[in-house]
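Below is one structure, written out as structure tokens; the observations come after it.
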Protein chains: 2
Amino acid sequence: MGAEGNADGTVGKALDVLDMVASHGRPVRFSDLLAQSAYPKATLYRLLQTLTHQGMLILDPDTGTYALGVRLVRLAHAAWSQSSLAPIARPYLDELARETGETIHLAQLDLGQVLYVDKRNAARPVEMFAQAGKVGPAYCTGVGKAMLAFLPPEALEAALARQSFYRFTPHTLASREALLEELEAIRKRGHAWDREEHEAGIICCAVPILSRQGRVMGALSVTSTTARTTLDALGAQAPTIKDIAAKIAAEAESWRFPEQV
Amino acid sequence: MGAEGNADGTVGKALDVLDMVASHGRPVRFSDLLAQSAYPKATLYRLLQTLTHQGMLILDPDTGTYALGVRLVRLAHAAWSQSSLAPIARPYLDELARETGETIHLAQLDLGQVLYVDKRNAARPVEMFAQAGKVGPAYCTGVGKAMLAFLPPEALEAALARQSFYRFTPHTLASREALLEELEAIRKRGHAWDREEHEAGIICCAVPILSRQGRVMGALSVTSTTARTTLDALGAQAPTIKDIAAKIAAEAESWRFPEQV
DNA sequence: GACTTAGTTTCAAATAGTGAAACCGAACGG
DNA sequence: CCGTTCGGTTTCACTATTTGAAACTAAGTC
């Protein structure tokens with residue numbers, strides 16, 4: 001209910017504060033956070049102190065501003081190379097980028113949002129860290145819809161509840177009903193389109209990455225522009241993309257369960 | 001005292017658990033963590049539950065293994081682009097890489113260890129995420145020593161207490177005394193050498209990145225091999241490196257305090 | 001020198017965390 | 001097929017931690 005307050009226990013609150021600091025692009029002062037948060041002064045103060053002491057935040061003594069700490073960078077390195085598909089998918093993304101010559105996205109679902117974990121850009125060099133970690137909407141992107149389409153009912157429900165259905169372009173599916181219909185079509189078709197739904201002129205073809213048990217692990221997409229190609233031409237790539245998604249899924253699974261004991 | 005137990009409060013413990021999961025390269029089962037941790041079964045269980053509920057961990061229902069969650073990747077993106085010097089330093093690193101044609105490292109200090117936040121590799125393309133977030137020892141790397149040398153006494157003491165002084169090569173400064181002497185020399189000279197102290201055949205020249213008040217913000221190094229060059233030749237670059245470090249420091253400061261109000 | 005503003009500390013009350021032990025279900029072994 | 005073990009989950013009385021209003025301090029204003 002509360003705008004943000006899904007906090008369970010002290011840990012939840014602390015992580016909440018962490019998010020709050022992260023949401024500003026810059027180091028923030030205590031009072032800024034206080035204004036933004038629902039926590040009383042003393043509570044917030046102690047949380048910040050704890051997080052700082054733990055190295056998750058850094059307090060700049062000169063300005064009295066808090067910023068995210070480097071311990072996070074370290075943790076994230078581990079997270080990225082362990083929980084995400086990125087390290088496994090890397091060579092496959094390279095391959096797909098080479099074959100198609102288009103921009104490739106690898107994404108996972110995080111709290112109903114699309115989290116990009118890797119990217120190959122047709123034009124410019126990789127620039128990983130600057131791209132990975134970015135989030136986007138699920139209901140109007142190819143990767144987002146591809147993942148939503150294969151979610152189990154309860155998870156889908158939870159994800160839908162988090163969609164804003166903001167109309168980015170005239171083509172955006174801006175309602176729950178329209179989206180559900182589309183998801184049905186995606187399930188049948190096996191891949192999702194982005195028909196300029198998020199950004200004008202940008203189209204893409206996306207497929208989900210599914211485990212053997214059908215669990216959604218992520219999604220993979222090939223993106224282009226209406227200036228350069230058409231949906232149909234992009235659709236011709238679908239089998240290739242599916243094939244690569246399957247390879248990634250297979251490798252991810254064998255990696256996660258190496259010893260059957 | 002306790003091997004690892006620097007936990008203050010519940011939050012500390014939770015983060016401890018997070019580290020524990022991170023330290024394994026793979027998803028871990030409850031019992032593995034239990035064996036490793038000092039926490040009693042029920043406590044550990046609840047911590048894991050909370051973290052999972054918070055999206056910091058992911059529990060694979062099929063295997064019952066925990067892995068770091070994607071929420072961390074998102075946080076880290078923010079951390080990297082906000083707290084670290086990397087985004088500011090990026091163009092300067094490019095410049096330095098172009099000028100020297102050698103491998104460039106940008107590092108910061110984290111709990112007495114060197115945390116690499118960016119890198120330019122002479123040979124291969126960037127590969128950021130795979131490199132950033134890596135940690136190394138401080139007492140036997142160029143960047144590490146450059147930073148240690150300019151730390152205020154208490155911080156230095158804290159950092160020293162965390163050094164292992166393991167002798168990686170015959171040249172490693174494997175004692176507190178030897179290191180302190182070296183740090184004195186670095187302070188006078190203004191830059192640090194790595195004379196094959198961490199890895200045979202690898203040498204580097206590193207300079208600290210200092211704020212106007214003299215606070216250590218990070219370090220910058222140019223690395224090469226004995227096969228390709230000599231310390232003296234590398235030393236000829238020192239003024240250039242210092243110059244670039246100064247630029248990074250200046251920009252970092254103006255960025256952190258944009259509005260003087 | 002009185003008066004905000006921003007951050008830090010106190011302390012009794014209340015909440016949330018603790019962990020030994022009991023429990024559960026699946027896998028194992030005879 | 002039944003008794004046992006093993007990995008994970010839940011209970012519950014006990015306690016330590018967290019809570020937050022309020023008091024306090026240190027800088028700036030005016």
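To be explicit about the labels: the chains of the structure tokens are called A, B, and onward in the order shown, and within each one the residues are counted from 1, while ligands get numbers from 1 in the order they are shown.
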Once DSSP has gone over the backbone, tell me which residues of segment 88-254 of chain B are in strand (DSSP E), as a compact mmCIF listing (two decimals) with C-alpha atoms, in the first residue's frame.
```txt
# COMPACT_ATOMS: atom_id res chain seq x y z
CA THR B 103 47.03 -1.79 -20.11
CA ILE B 104 45.38 0.76 -17.82
CA HIS B 105 43.79 0.09 -14.45
CA LEU B 106 41.54 2.30 -12.40
CA ALA B 107 41.13 1.13 -8.83
CA GLN B 108 39.67 2.14 -5.51
CA LEU B 109 40.29 0.93 -2.00
CA ASP B 110 37.69 -1.27 -0.38
CA GLN B 113 41.77 -4.40 -0.75
CA VAL B 114 42.18 -3.06 -4.23
CA LEU B 115 38.93 -3.00 -6.14
CA TYR B 116 39.34 -2.55 -9.87
CA VAL B 117 36.57 -0.37 -11.21
CA ASP B 118 37.69 -0.01 -14.79
CA LYS B 119 40.32 -1.25 -17.17
CA ARG B 120 41.65 -0.73 -20.65
CA VAL B 135 39.57 -7.43 -6.15
CA GLY B 136 43.26 -7.83 -5.48
CA ALA B 192 54.42 3.80 -7.00
CA TRP B 193 56.15 0.99 -8.81
CA ASP B 194 55.16 -2.59 -9.07
CA ARG B 195 58.46 -4.39 -9.56
CA ILE B 202 54.45 -7.80 -14.75
CA ILE B 203 55.52 -4.27 -13.88
CA CYS B 204 53.56 -1.09 -13.50
CA CYS B 205 53.67 2.55 -12.60
CA ALA B 206 50.79 3.86 -10.49
CA VAL B 207 49.71 7.20 -9.11
CA PRO B 208 47.07 8.04 -6.52
CA ILE B 209 44.03 10.12 -7.34
CA LEU B 210 43.74 12.65 -4.56
CA VAL B 216 42.57 9.22 -1.46
CA MET B 217 39.87 8.69 -4.06
CA GLY B 218 41.54 5.99 -6.11
CA ALA B 219 44.56 5.16 -8.19
CA LEU B 220 45.52 4.88 -11.80
CA SER B 221 48.17 2.68 -13.31
CA VAL B 222 49.89 1.77 -16.53
CA THR B 223 50.90 -1.86 -16.63
CA SER B 224 53.32 -3.66 -18.91
CA THR B 225 55.67 -6.63 -19.00
```
Practice item. Within 9 Å of chain D, which residues of chain A are there when counting only C-alpha atoms (C1' of nucleotides)? Please give them as a PyMOL selection string. Key: chain A and resi 10+40-43
Closest-contact table, chain B side, partner chain A, 7 Å, counting only C-alpha atoms, as a Markdown table:
```
| residue | atom | partner | partner_atom | distance |
| --- | --- | --- | --- | --- |
| B:Thr10 | CA | A:Val11 | CA | 6.7 |
| B:Val11 | CA | A:Val11 | CA | 5.1 |
| B:Gly12 | CA | A:Gln54 | CA | 6.7 |
| B:Ala22 | CA | A:Ala78 | CA | 5.7 |
| B:Gly25 | CA | A:Gln82 | CA | 6.3 |
| B:Arg26 | CA | A:Gln82 | CA | 6.0 |
| B:Gln54 | CA | A:Gly12 | CA | 6.7 |
| B:Ala67 | CA | A:Ser83 | CA | 5.7 |
| B:Leu68 | CA | A:Ala79 | CA | 4.9 |
| B:Gly69 | CA | A:Ser83 | CA | 6.3 |
| B:Val70 | CA | A:Asp110 | CA | 6.5 |
| B:Arg71 | CA | A:Asp110 | CA | 6.9 |
| B:Leu72 | CA | A:Ala76 | CA | 5.5 |
| B:Val73 | CA | A:Ala76 | CA | 5.2 |
| B:Arg74 | CA | A:Gly133 | CA | 4.6 |
| B:Leu75 | CA | A:Ala22 | CA | 6.5 |
| B:Ala76 | CA | A:Val73 | CA | 5.2 |
| B:His77 | CA | A:Gly133 | CA | 5.1 |
| B:Ala78 | CA | A:Ala22 | CA | 5.6 |
| B:Ala79 | CA | A:Leu68 | CA | 5.0 |
| B:Trp80 | CA | A:Val73 | CA | 6.3 |
| B:Gln82 | CA | A:Arg26 | CA | 6.0 |
| B:Ser83 | CA | A:Leu68 | CA | 5.6 |
| B:Asp110 | CA | A:Val70 | CA | 6.5 |
| B:Glu127 | CA | A:Met128 | CA | 6.9 |
| B:Met128 | CA | A:Met128 | CA | 5.7 |
| B:Phe129 | CA | A:Phe129 | CA | 5.4 |
| B:Gly133 | CA | A:Arg74 | CA | 4.6 |
| B:Lys134 | CA | A:Arg74 | CA | 6.8 |
```
Enumerate, in order of chain and increasing residue number, the residues of chain C with an atom no farther than 12 Å from chain B, each with its shortest atom pair and distance in Å to one decimal, counting only C-alpha atoms (C1' of nucleotides), as a Markdown table.
```
| residue | atom | partner | partner_atom | distance |
| --- | --- | --- | --- | --- |
| C:DA16 | C1' | B:Thr10 | CA | 9.8 |
| C:DG17 | C1' | B:Thr10 | CA | 7.8 |
| C:DT18 | C1' | B:Thr43 | CA | 6.9 |
| C:DG19 | C1' | B:Pro40 | CA | 6.4 |
| C:DA20 | C1' | B:Pro40 | CA | 9.5 |
| C:DA21 | C1' | B:Ala42 | CA | 10.8 |
```
Store the residues picked out above, limited to N, CA, C and O atoms (P, O5', C5', C4', C3', O3' and C1' of nucleotides), as a PDB file, in the first residue's frame.
```
ATOM      1  P    DA C  16       7.801  -5.235  14.219  1.00  0.00           P
ATOM      2  O5'  DA C  16       9.234  -5.910  14.072  1.00  0.00           O
ATOM      3  C5'  DA C  16      10.391  -5.140  14.375  1.00  0.00           C
ATOM      4  C4'  DA C  16      11.548  -6.072  14.652  1.00  0.00           C
ATOM      5  C3'  DA C  16      11.557  -7.305  13.756  1.00  0.00           C
ATOM      6  O3'  DA C  16      12.864  -7.427  13.249  1.00  0.00           O
ATOM      7  C1'  DA C  16      11.636  -7.953  16.030  1.00  0.00           C
ATOM      8  P    DG C  17      13.379  -8.580  12.471  1.00  0.00           P
ATOM      9  O5'  DG C  17      14.206  -9.326  13.595  1.00  0.00           O
ATOM     10  C5'  DG C  17      15.392  -8.683  14.045  1.00  0.00           C
ATOM     11  C4'  DG C  17      16.116  -9.600  14.986  1.00  0.00           C
ATOM     12  C3'  DG C  17      16.597 -10.904  14.365  1.00  0.00           C
ATOM     13  O3'  DG C  17      17.903 -11.144  14.878  1.00  0.00           O
ATOM     14  C1'  DG C  17      15.204 -11.394  16.185  1.00  0.00           C
ATOM     15  P    DT C  18      18.653 -12.481  14.591  1.00  0.00           P
ATOM     16  O5'  DT C  18      18.286 -13.323  15.880  1.00  0.00           O
ATOM     17  C5'  DT C  18      18.927 -12.988  17.110  1.00  0.00           C
ATOM     18  C4'  DT C  18      18.669 -14.095  18.114  1.00  0.00           C
ATOM     19  C3'  DT C  18      19.168 -15.469  17.676  1.00  0.00           C
ATOM     20  O3'  DT C  18      20.121 -15.894  18.624  1.00  0.00           O
ATOM     21  C1'  DT C  18      16.935 -15.574  18.534  1.00  0.00           C
ATOM     22  P    DG C  19      21.348 -16.770  18.092  1.00  0.00           P
ATOM     23  O5'  DG C  19      20.822 -18.230  18.455  1.00  0.00           O
ATOM     24  C5'  DG C  19      20.544 -18.516  19.822  1.00  0.00           C
ATOM     25  C4'  DG C  19      19.717 -19.763  19.935  1.00  0.00           C
ATOM     26  C3'  DG C  19      20.167 -20.923  19.036  1.00  0.00           C
ATOM     27  O3'  DG C  19      19.999 -22.120  19.762  1.00  0.00           O
ATOM     28  C1'  DG C  19      17.925 -20.498  18.660  1.00  0.00           C
ATOM     29  P    DA C  20      21.179 -23.094  20.021  1.00  0.00           P
ATOM     30  O5'  DA C  20      20.491 -24.147  20.993  1.00  0.00           O
ATOM     31  C5'  DA C  20      19.917 -23.689  22.224  1.00  0.00           C
ATOM     32  C4'  DA C  20      18.699 -24.528  22.566  1.00  0.00           C
ATOM     33  C3'  DA C  20      18.833 -26.026  22.272  1.00  0.00           C
ATOM     34  O3'  DA C  20      18.246 -26.748  23.342  1.00  0.00           O
ATOM     35  C1'  DA C  20      17.031 -25.108  21.000  1.00  0.00           C
ATOM     36  P    DA C  21      18.156 -28.354  23.255  1.00  0.00           P
ATOM     37  O5'  DA C  21      16.752 -28.614  22.557  1.00  0.00           O
ATOM     38  C5'  DA C  21      15.582 -27.958  23.058  1.00  0.00           C
ATOM     39  C4'  DA C  21      14.398 -28.270  22.154  1.00  0.00           C
ATOM     40  C3'  DA C  21      14.354 -29.722  21.671  1.00  0.00           C
ATOM     41  O3'  DA C  21      13.011 -30.163  21.732  1.00  0.00           O
ATOM     42  C1'  DA C  21      14.161 -28.286  19.853  1.00  0.00           C
TER      43       DA C  21
END
```
Point to revise | Pairwise distance for atom CA of Gln36 of chain A and atom CA of Val17 of chain A, rounded to one decimal in Å | key: 10.1 Å
**Study point:** Nearby residues (only C-alpha atoms (C1' of nucleotides)) at most 12 Å from Ile186 of chain A, same-chain spacing under 3 positions excluded, as a PyMOL selection string
**Key:** chain A and resi 142-151+179-183+189-194+205-208
Exercise for review: Would you mind listing what lies within 6 Å of segment 162-176 of chain B as a ChimeraX atom specification, with only C-alpha atoms (C1' of nucleotides) counted and same-chain residues fewer than 5 positions away left out?
Suggested key: /B:112,197-198
Point to revise | Å distance separating atom CA of Ala236 of chain B from atom CA of Tyr139 of chain B, one decimal place | key: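 Atom CA of Tyr139 of chain B lies at a distance of 23.5 Å from atom CA of Ala236 of chain B.
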Exercise for review: For atom CA of Ala89 of chain B and atom CA of Ala252 of chain B, determine how far apart the two atoms are, in Å to one decimal place.
Suggested key: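 Separation between atom CA of Ala89 of chain B and atom CA of Ala252 of chain B: 8.4 Å.
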**Study point:** Backbone-only DSSP, helix (DSSP H, G or I) members of segment 3-244 of chain B, as a ChimeraX atom specification
**Key:** /B:9-23,30-36,41-53,70-82,86-100,128-131,142-149,153-160,176-189,231-235,238-244
